[in-house]
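What follows is the content of my_file.cif, which has mmCIF, C-alpha atoms:
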```
data_run
#
loop_
_atom_site.label_atom_id
_atom_site.label_comp_id
_atom_site.auth_asym_id
_atom_site.auth_seq_id
_atom_site.Cartn_x
_atom_site.Cartn_y
_atom_site.Cartn_z
CA MET Z 1 4.21 7.66 -21.15
CA GLU Z 2 7.53 6.98 -19.41
CA ASP Z 3 9.57 3.96 -20.47
CA LEU Z 4 10.44 1.95 -17.36
CA LYS Z 5 12.37 -0.80 -19.11
CA GLY Z 6 14.94 -2.21 -16.69
CA LYS Z 7 13.06 -0.95 -13.63
CA ILE Z 8 11.95 -3.42 -10.95
CA CYS Z 9 8.55 -2.63 -9.42
CA LEU Z 10 6.79 -4.40 -6.57
CA VAL Z 11 3.06 -3.83 -5.99
CA THR Z 12 1.16 -5.26 -3.01
CA GLY Z 13 -2.53 -6.12 -3.12
CA ALA Z 14 -2.20 -6.43 -6.88
CA THR Z 15 -4.72 -9.09 -7.95
CA SER Z 16 -7.69 -6.75 -8.37
CA GLY Z 17 -8.85 -3.16 -8.13
CA MET Z 18 -6.32 -0.35 -7.88
CA GLY Z 19 -3.41 -2.71 -7.24
CA GLU Z 20 -4.02 -4.51 -10.50
CA ALA Z 21 -4.51 -1.19 -12.30
CA ALA Z 22 -1.18 0.09 -10.98
CA ALA Z 23 0.61 -3.15 -11.86
CA HIS Z 24 -0.92 -3.03 -15.36
CA ALA Z 25 0.21 0.57 -15.87
CA LEU Z 26 3.77 -0.20 -14.80
CA ALA Z 27 3.86 -3.27 -17.05
CA GLN Z 28 2.55 -1.13 -19.91
CA ARG Z 29 5.59 1.07 -19.35
CA ASN Z 30 7.86 -1.99 -19.81
CA ALA Z 31 8.85 -2.44 -16.15
CA THR Z 32 9.46 -5.80 -14.53
CA VAL Z 33 6.51 -6.09 -12.14
CA ILE Z 34 6.19 -8.33 -9.09
CA LEU Z 35 2.66 -8.78 -7.77
CA VAL Z 36 2.36 -9.59 -4.06
CA ALA Z 37 -0.83 -11.50 -3.31
CA ARG Z 38 -2.28 -14.09 -0.94
CA ASP Z 39 -4.02 -16.31 -3.52
CA MET Z 40 -2.02 -18.07 -6.24
CA GLY Z 41 -5.06 -18.73 -8.41
CA ARG Z 42 -6.11 -15.09 -8.49
CA ALA Z 43 -2.51 -14.01 -9.00
CA TRP Z 44 -2.07 -16.22 -12.07
CA LYS Z 45 -5.31 -14.91 -13.59
CA THR Z 46 -4.14 -11.34 -13.01
CA ILE Z 47 -0.74 -12.05 -14.53
CA GLY Z 48 -2.45 -13.58 -17.56
CA ARG Z 49 -4.59 -10.49 -18.04
CA ILE Z 50 -1.67 -8.09 -17.68
CA LYS Z 51 0.57 -10.08 -20.03
CA SER Z 52 -2.09 -10.38 -22.73
CA GLN Z 53 -3.10 -6.71 -22.51
CA THR Z 54 0.41 -5.22 -22.37
CA GLY Z 55 2.58 -7.72 -24.21
CA ASN Z 56 5.01 -7.55 -21.28
CA SER Z 57 6.15 -11.02 -20.17
CA SER Z 58 8.24 -9.76 -17.23
CA ILE Z 59 5.44 -10.19 -14.67
CA GLU Z 60 5.54 -12.56 -11.71
CA ALA Z 61 3.77 -13.17 -8.43
CA MET Z 62 5.01 -13.73 -4.90
CA ILE Z 63 2.40 -15.30 -2.67
CA TYR Z 64 2.55 -14.06 0.91
CA ASP Z 65 0.17 -12.81 3.61
CA LEU Z 66 1.20 -9.26 4.51
CA SER Z 67 -0.57 -9.39 7.88
CA SER Z 68 2.04 -11.96 9.00
CA GLN Z 69 5.46 -10.60 9.92
CA ALA Z 70 7.08 -14.00 9.32
CA GLU Z 71 5.66 -14.10 5.80
CA ILE Z 72 6.82 -10.54 5.10
CA ARG Z 73 10.34 -11.58 6.04
CA GLU Z 74 10.03 -14.63 3.77
CA LEU Z 75 8.83 -12.38 0.95
CA VAL Z 76 11.85 -10.11 1.33
CA THR Z 77 14.23 -13.09 1.35
CA ASP Z 78 12.52 -14.44 -1.77
CA PHE Z 79 12.73 -11.07 -3.51
CA LYS Z 80 16.39 -10.50 -2.67
CA SER Z 81 17.33 -13.97 -3.89
CA LYS Z 82 16.10 -12.96 -7.36
CA TYR Z 83 16.67 -9.22 -7.60
CA GLN Z 84 19.58 -7.00 -6.64
CA ARG Z 85 17.59 -3.77 -6.63
CA LEU Z 86 14.09 -2.32 -6.28
CA ASP Z 87 13.12 0.82 -8.18
CA VAL Z 88 9.47 1.20 -7.15
CA LEU Z 89 7.53 -0.10 -4.15
CA VAL Z 90 3.76 0.47 -4.13
CA ASN Z 91 2.23 -0.33 -0.74
CA ASN Z 92 -1.37 -0.80 -1.81
CA ALA Z 93 -2.62 -3.80 0.20
CA GLY Z 94 -5.10 -2.97 2.94
CA ALA Z 95 -8.53 -3.79 4.30
CA TRP Z 96 -11.32 -2.81 6.64
CA PHE Z 97 -12.60 -5.39 9.14
CA ASN Z 98 -16.03 -4.78 10.67
CA LYS Z 99 -15.33 -7.29 13.45
CA ARG Z 100 -12.18 -7.18 15.55
CA GLN Z 101 -9.79 -10.02 14.81
CA LEU Z 102 -6.13 -10.77 15.41
CA SER Z 103 -3.29 -11.47 13.00
CA ALA Z 104 -0.98 -14.47 13.23
CA ASP Z 105 1.21 -12.30 15.48
CA GLY Z 106 -1.66 -11.55 17.88
CA ILE Z 107 -2.05 -7.96 16.66
CA GLU Z 108 -5.35 -6.32 15.75
CA MET Z 109 -5.72 -7.11 12.06
CA THR Z 110 -6.33 -3.59 10.72
CA PHE Z 111 -3.19 -2.23 12.37
CA ALA Z 112 -1.22 -5.36 11.43
CA LEU Z 113 -2.12 -5.33 7.74
CA ASN Z 114 -2.61 -1.65 6.94
CA HIS Z 115 0.26 -0.15 8.95
CA LEU Z 116 2.74 -2.66 10.33
CA GLY Z 117 2.73 -4.65 7.08
CA PRO Z 118 3.94 -1.82 4.83
CA TYR Z 119 6.13 -0.45 7.63
CA LEU Z 120 8.03 -3.73 7.98
CA LEU Z 121 8.13 -4.53 4.26
CA THR Z 122 9.42 -1.08 3.36
CA ASN Z 123 12.13 -1.06 6.02
CA LEU Z 124 13.35 -4.52 5.04
CA LEU Z 125 13.57 -3.42 1.39
CA LEU Z 126 15.30 -0.08 2.01
CA ASP Z 127 18.74 -1.41 1.08
CA SER Z 128 17.35 -2.62 -2.28
CA LEU Z 129 15.66 0.74 -2.84
CA LYS Z 130 18.84 2.65 -1.96
CA THR Z 131 20.81 0.51 -4.41
CA ALA Z 132 18.39 1.54 -7.17
CA ALA Z 133 18.28 5.24 -6.26
CA PRO Z 134 16.68 7.36 -7.54
CA SER Z 135 13.83 5.10 -6.47
CA ARG Z 136 10.31 5.55 -5.15
CA ILE Z 137 7.94 4.37 -2.43
CA VAL Z 138 4.21 5.00 -2.78
CA ASN Z 139 1.94 4.45 0.22
CA VAL Z 140 -1.77 4.25 -0.61
CA SER Z 141 -3.71 6.04 2.12
CA SER Z 142 -7.25 7.46 2.17
CA TYR Z 143 -9.19 10.67 2.68
CA GLY Z 144 -10.64 8.80 5.70
CA HIS Z 145 -7.48 9.67 7.66
CA ALA Z 146 -8.88 13.17 8.17
CA LYS Z 147 -11.95 11.84 10.00
CA ILE Z 148 -9.91 11.40 13.18
CA LYS Z 149 -7.79 13.99 15.01
CA GLY Z 150 -4.82 11.81 15.86
CA MET Z 151 -3.49 8.39 16.82
CA ASN Z 152 -5.15 6.69 19.78
CA PHE Z 153 -1.88 5.80 21.50
CA ASP Z 154 -3.72 4.77 24.66
CA ASP Z 155 -5.46 1.99 22.73
CA LEU Z 156 -3.77 1.53 19.33
CA GLN Z 157 -5.37 -1.87 18.81
CA PHE Z 158 -8.88 -0.81 19.83
CA GLN Z 159 -9.26 -3.39 22.56
CA LYS Z 160 -12.02 -1.10 23.82
CA ASN Z 161 -14.88 0.20 21.67
CA TYR Z 162 -13.86 -1.39 18.36
CA GLY Z 163 -17.36 -0.82 16.98
CA ASN Z 164 -17.64 -1.57 13.28
CA GLY Z 165 -13.90 -1.13 12.74
CA MET Z 166 -14.11 2.14 10.83
CA ARG Z 167 -12.16 4.09 13.46
CA ALA Z 168 -9.44 1.45 13.36
CA TYR Z 169 -9.36 1.72 9.57
CA ARG Z 170 -9.17 5.51 9.60
CA GLN Z 171 -6.42 5.40 12.20
CA SER Z 172 -4.44 2.99 10.02
CA LYS Z 173 -4.73 5.41 7.10
CA LEU Z 174 -3.48 8.25 9.30
CA ALA Z 175 -0.62 5.96 10.32
CA ASN Z 176 0.23 5.51 6.63
CA ILE Z 177 0.70 9.26 6.26
CA LEU Z 178 2.61 9.72 9.52
CA PHE Z 179 4.88 6.87 8.37
CA THR Z 180 5.30 8.49 4.95
CA TYR Z 181 6.36 11.84 6.38
CA GLU Z 182 8.67 10.33 9.00
CA LEU Z 183 10.31 8.03 6.46
CA ALA Z 184 10.81 10.94 4.06
CA ARG Z 185 12.69 12.79 6.80
CA ARG Z 186 14.85 9.75 7.53
CA LEU Z 187 15.61 9.14 3.83
CA SER Z 188 16.63 12.71 3.09
CA GLY Z 189 19.65 12.73 0.79
CA THR Z 190 19.44 9.03 -0.14
CA GLY Z 191 17.69 9.46 -3.49
CA VAL Z 192 14.74 7.39 -2.29
CA THR Z 193 11.45 9.31 -2.30
CA VAL Z 194 8.26 8.40 -0.44
CA ASN Z 195 4.81 9.87 -0.94
CA ALA Z 196 1.24 9.07 0.04
CA ALA Z 197 -1.60 8.71 -2.46
CA ASN Z 198 -5.28 9.28 -1.76
CA PRO Z 199 -7.22 7.43 -4.48
CA GLY Z 200 -10.61 8.88 -3.55
CA LEU Z 201 -13.83 6.87 -3.44
CA VAL Z 202 -13.23 3.90 -5.73
CA ALA Z 203 -15.51 1.04 -6.78
CA THR Z 204 -13.41 -2.04 -5.91
CA ASN Z 205 -13.79 -5.18 -3.83
CA PHE Z 206 -12.79 -3.18 -0.76
CA GLY Z 207 -14.92 -4.18 2.23
CA MET Z 208 -16.36 -7.24 0.52
CA ASN Z 209 -14.55 -9.43 3.07
CA ASN Z 210 -17.16 -8.21 5.55
CA VAL Z 211 -20.11 -9.52 3.51
CA PRO Z 212 -19.16 -13.07 2.48
CA TRP Z 213 -22.82 -13.79 1.72
CA LEU Z 214 -22.80 -11.17 -1.06
CA LYS Z 215 -21.74 -13.30 -4.02
CA GLY Z 216 -22.28 -13.77 -7.73
CA TRP Z 217 -24.90 -11.58 -9.37
CA MET Z 218 -25.70 -9.79 -6.09
CA ARG Z 219 -22.09 -8.65 -5.74
CA ASN Z 220 -22.03 -7.51 -9.37
CA ILE Z 221 -25.22 -5.51 -8.89
CA TRP Z 222 -23.80 -3.89 -5.75
CA LYS Z 223 -20.60 -2.97 -7.57
CA ASP Z 224 -22.60 -1.53 -10.48
CA ILE Z 225 -24.66 0.63 -8.12
CA PHE Z 226 -21.59 1.75 -6.18
CA GLY Z 227 -19.80 2.43 -9.45
CA MET Z 228 -22.43 5.02 -10.39
CA PHE Z 229 -20.94 7.52 -7.95
CA ALA Z 230 -17.44 6.12 -7.32
CA LEU Z 231 -14.29 6.17 -9.43
CA SER Z 232 -13.25 3.16 -11.47
CA PRO Z 233 -10.15 1.26 -10.25
CA ASP Z 234 -8.22 2.62 -13.22
CA SER Z 235 -9.15 6.20 -12.33
CA GLY Z 236 -8.49 5.67 -8.63
CA ALA Z 237 -5.03 4.28 -9.35
CA GLN Z 238 -3.87 7.26 -11.41
CA THR Z 239 -2.37 9.15 -8.46
CA ALA Z 240 -0.33 6.14 -7.34
CA ILE Z 241 0.74 5.50 -10.94
CA LEU Z 242 1.89 9.11 -11.28
CA LEU Z 243 3.95 8.90 -8.10
CA ALA Z 244 5.44 5.57 -9.16
CA SER Z 245 6.43 6.50 -12.68
CA ALA Z 246 6.16 10.15 -13.76
CA ALA Z 247 9.42 11.97 -14.42
CA GLY Z 248 8.01 15.21 -13.06
CA VAL Z 249 7.77 13.90 -9.49
CA GLU Z 250 11.05 11.99 -9.39
CA LYS Z 251 12.48 14.27 -6.69
CA VAL Z 252 9.24 15.01 -4.82
CA THR Z 253 9.11 13.42 -1.38
CA GLY Z 254 7.15 13.60 1.85
CA LYS Z 255 3.94 14.75 0.17
CA TYR Z 256 0.27 13.73 0.10
CA PHE Z 257 -1.35 13.58 -3.34
CA THR Z 258 -5.01 13.61 -4.39
CA LYS Z 259 -6.22 13.61 -8.00
CA GLU Z 260 -2.57 13.57 -9.12
CA MET Z 261 -1.82 16.83 -7.30
CA PRO Z 262 -0.13 17.53 -3.96
CA GLU Z 263 -2.44 18.82 -1.24
CA LYS Z 264 -2.49 19.25 2.51
CA SER Z 265 -3.36 16.21 4.58
CA SER Z 266 -5.06 16.57 7.97
CA PRO Z 267 -3.47 18.76 10.67
CA GLY Z 268 -2.86 15.67 12.84
CA SER Z 269 -0.80 14.04 10.09
CA TYR Z 270 1.91 16.72 10.50
CA ASP Z 271 2.48 15.95 14.19
CA GLU Z 272 6.18 15.02 14.15
CA ALA Z 273 6.14 13.89 17.78
CA ALA Z 274 3.29 11.49 16.98
CA ALA Z 275 5.13 10.25 13.88
CA SER Z 276 8.28 9.59 15.90
CA ARG Z 277 6.30 7.84 18.63
CA LEU Z 278 4.49 5.68 16.09
CA TRP Z 279 7.82 4.79 14.49
CA GLU Z 280 9.32 3.66 17.79
CA ILE Z 281 6.21 1.63 18.65
CA SER Z 282 6.34 0.04 15.21
CA VAL Z 283 10.00 -0.85 15.70
CA ARG Z 284 9.15 -2.71 18.89
CA MET Z 285 6.11 -4.45 17.42
CA THR Z 286 8.04 -5.69 14.39
CA GLY Z 287 11.35 -6.47 16.09
CA LEU Z 288 13.36 -4.09 13.92
CA LYS Z 289 16.47 -2.35 15.20
CA LEU Z 290 15.97 1.38 15.74
CA ASP Z 291 18.74 3.25 13.97
#
```
Encoded form using structure tokens:
Amino acid sequence: MEDLKGKICLVTGATSGMGEAAAHALAQRNATVILVARDMGRAWKTIGRIKSQTGNSSIEAMIYDLSSQAEIRELVTDFKSKYQRLDVLVNNAGAWFNKRQLSADGIEMTFALNHLGPYLLTNLLLDSLKTAAPSRIVNVSSYGHAKIKGMNFDDLQFQKNYGNGMRAYRQSKLANILFTYELARRLSGTGVTVNAANPGLVATNFGMNNVPWLKGWMRNIWKDIFGMFALSPDSGAQTAILLASAAGVEKVTGKYFTKEMPEKSSPGSYDEAAASRLWEISVRMTGLKLD
């Protein structure tokens, strides 16, 4: 197990499931770990668990909603006021919404949270990552990206035919990989690596936001049943943990990993023209300057 003492790691969506598992693993390796979450109560409980289980006291939470671009900018300002560098960024936060809804910025929520959120956060933290180089970015994607051929540039926000939101979710996961590959090209020679992780089918709270009536013992029973054929959060997080910490992949960049091994992502994910177009659209939608 690598010793990450002195390393600063930021993990989004870190109060449960794979995010918590990744944060726990990094804390176990003696890193300073910042959990990004929306709920202070859940964040404090998670911090308490991680501290008691690892003996690492260098764990803190920053409470921000990553579907809001204003809050992402506040998060970055908060982070930079406390830390001069960032060694590891794990973009894990994401969700599926079975009914179309808009973010605080008026953007379809799946695209806002799953793609624009990590896109904006990562770009705003690039100077901190470059300062810490060699440093790493890990984008958590999904095997679901391969269920669609390419980005629906004619209707990125699914204003037509949203359905149950699964196409929007799959598109956002393809966007994660296109972003990963494009960013890797742009960061060539900087010492900052970026890779995408496919955790597989994992038994977490993912999707539970769509069934608010499923609570208490019913939710536990559902998770137990689902867990019979899905990976545990700890198992699902292993690929992201590898990419965030293992010495053997320190110089690997622009790759897609499944079960801790690099593999080919979908043919559409290698479309450089689509990646460049998505990047430029993302620049406009987040108000970043295109370099």
Could you pull out every residue with an atom within 9 Å of (6.3, -6.4, -12.4), file coordinates, counting all atoms listed in the file, and send them as JSON, numbers by chain? {"Z": [7, 8, 9, 10, 11, 23, 24, 26, 27, 30, 31, 32, 33, 34, 35, 58, 59, 60, 61]}
Can you translate the PyMOL selection byres ((chain Z and resi 47) around 9) into the concrete residues it hits in this file, as an NGL selection string? :Z and (15 or 35 or 42-46 or 48-52 or 57 or 59-61)
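Taken over the shown file, the PyMOL selection byres ((chain Z and resi 246) around 12) identifies Met1, Glu2, Asp3, Leu4, Ala25, Leu26, Arg29, Val88, Ser135, Arg136, Gln238, Thr239, Ala240, Ile241, Leu242, Leu243, Ala244, Ser245, Ala247, Gly248, Val249, Glu250, Lys251, Val252 and Glu260 of chain Z.
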Once the PyMOL selection byres ((chain Z and resi 85) around 9) has been applied to the shown file, what residues remain in the selection, as a short mmCIF file (atom, residue, chain, number, x, y, z; two decimals) with C-alpha atoms, in the coordinates of the input?
```
data_model
loop_
_atom_site.label_atom_id
_atom_site.label_comp_id
_atom_site.auth_asym_id
_atom_site.auth_seq_id
_atom_site.Cartn_x
_atom_site.Cartn_y
_atom_site.Cartn_z
CA LYS Z 7 13.06 -0.95 -13.63
CA ILE Z 8 11.95 -3.42 -10.95
CA LYS Z 80 16.39 -10.50 -2.67
CA TYR Z 83 16.67 -9.22 -7.60
CA GLN Z 84 19.58 -7.00 -6.64
CA LEU Z 86 14.09 -2.32 -6.28
CA ASP Z 87 13.12 0.82 -8.18
CA LEU Z 125 13.57 -3.42 1.39
CA ASP Z 127 18.74 -1.41 1.08
CA SER Z 128 17.35 -2.62 -2.28
CA LEU Z 129 15.66 0.74 -2.84
CA LYS Z 130 18.84 2.65 -1.96
CA THR Z 131 20.81 0.51 -4.41
CA ALA Z 132 18.39 1.54 -7.17
#
```
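The closest residue to Arg100 of chain Z, picked from Z:Leu174, Z:Ile72, Z:Ala168, Z:Leu121 and counting only C-alpha atoms, is Z:Ala168.
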Quick one: residues within 8 Å of Ala21 of chain Z, only C-alpha atoms counted, chain neighbours fewer than 4 positions away excluded, as an MDAnalysis selection string? chainID Z and resid 14 16:17 25 233:234 237
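Nearest-residue note for Leu178 of chain Z: choosing from Z:Tyr270, Z:Phe111, Z:Tyr143, Z:Phe153, the minimum distance belongs to Z:Tyr270, counting all atoms listed in the file.
Residue nearest Lys147 of chain Z within the list Z:Gln53, Z:Gln171, Z:Thr12, Z:Ser103: Z:Gln171 [criterion: smallest interatomic distance, all atoms listed in the file].
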Show which residues sit within 6 Å of segment 189-195 of chain Z, as a ChimeraX atom specification. Count all atoms listed in the file, and ignore same-chain residues fewer than 3 positions away. /Z:133-138,184,253-255
Could you pull out every residue with an atom within 12 Å of (-8.6, 5.0, 6.9), file coordinates, counting all atoms listed in the file, and send them as a ChimeraX atom specification? /Z:94-97,110-111,114-115,140-148,150-151,165-177,198-201,206
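Rounded to one decimal, atom CA of Pro267 of chain Z and atom CA of Leu120 of chain Z lie 25.4 Å from each other.
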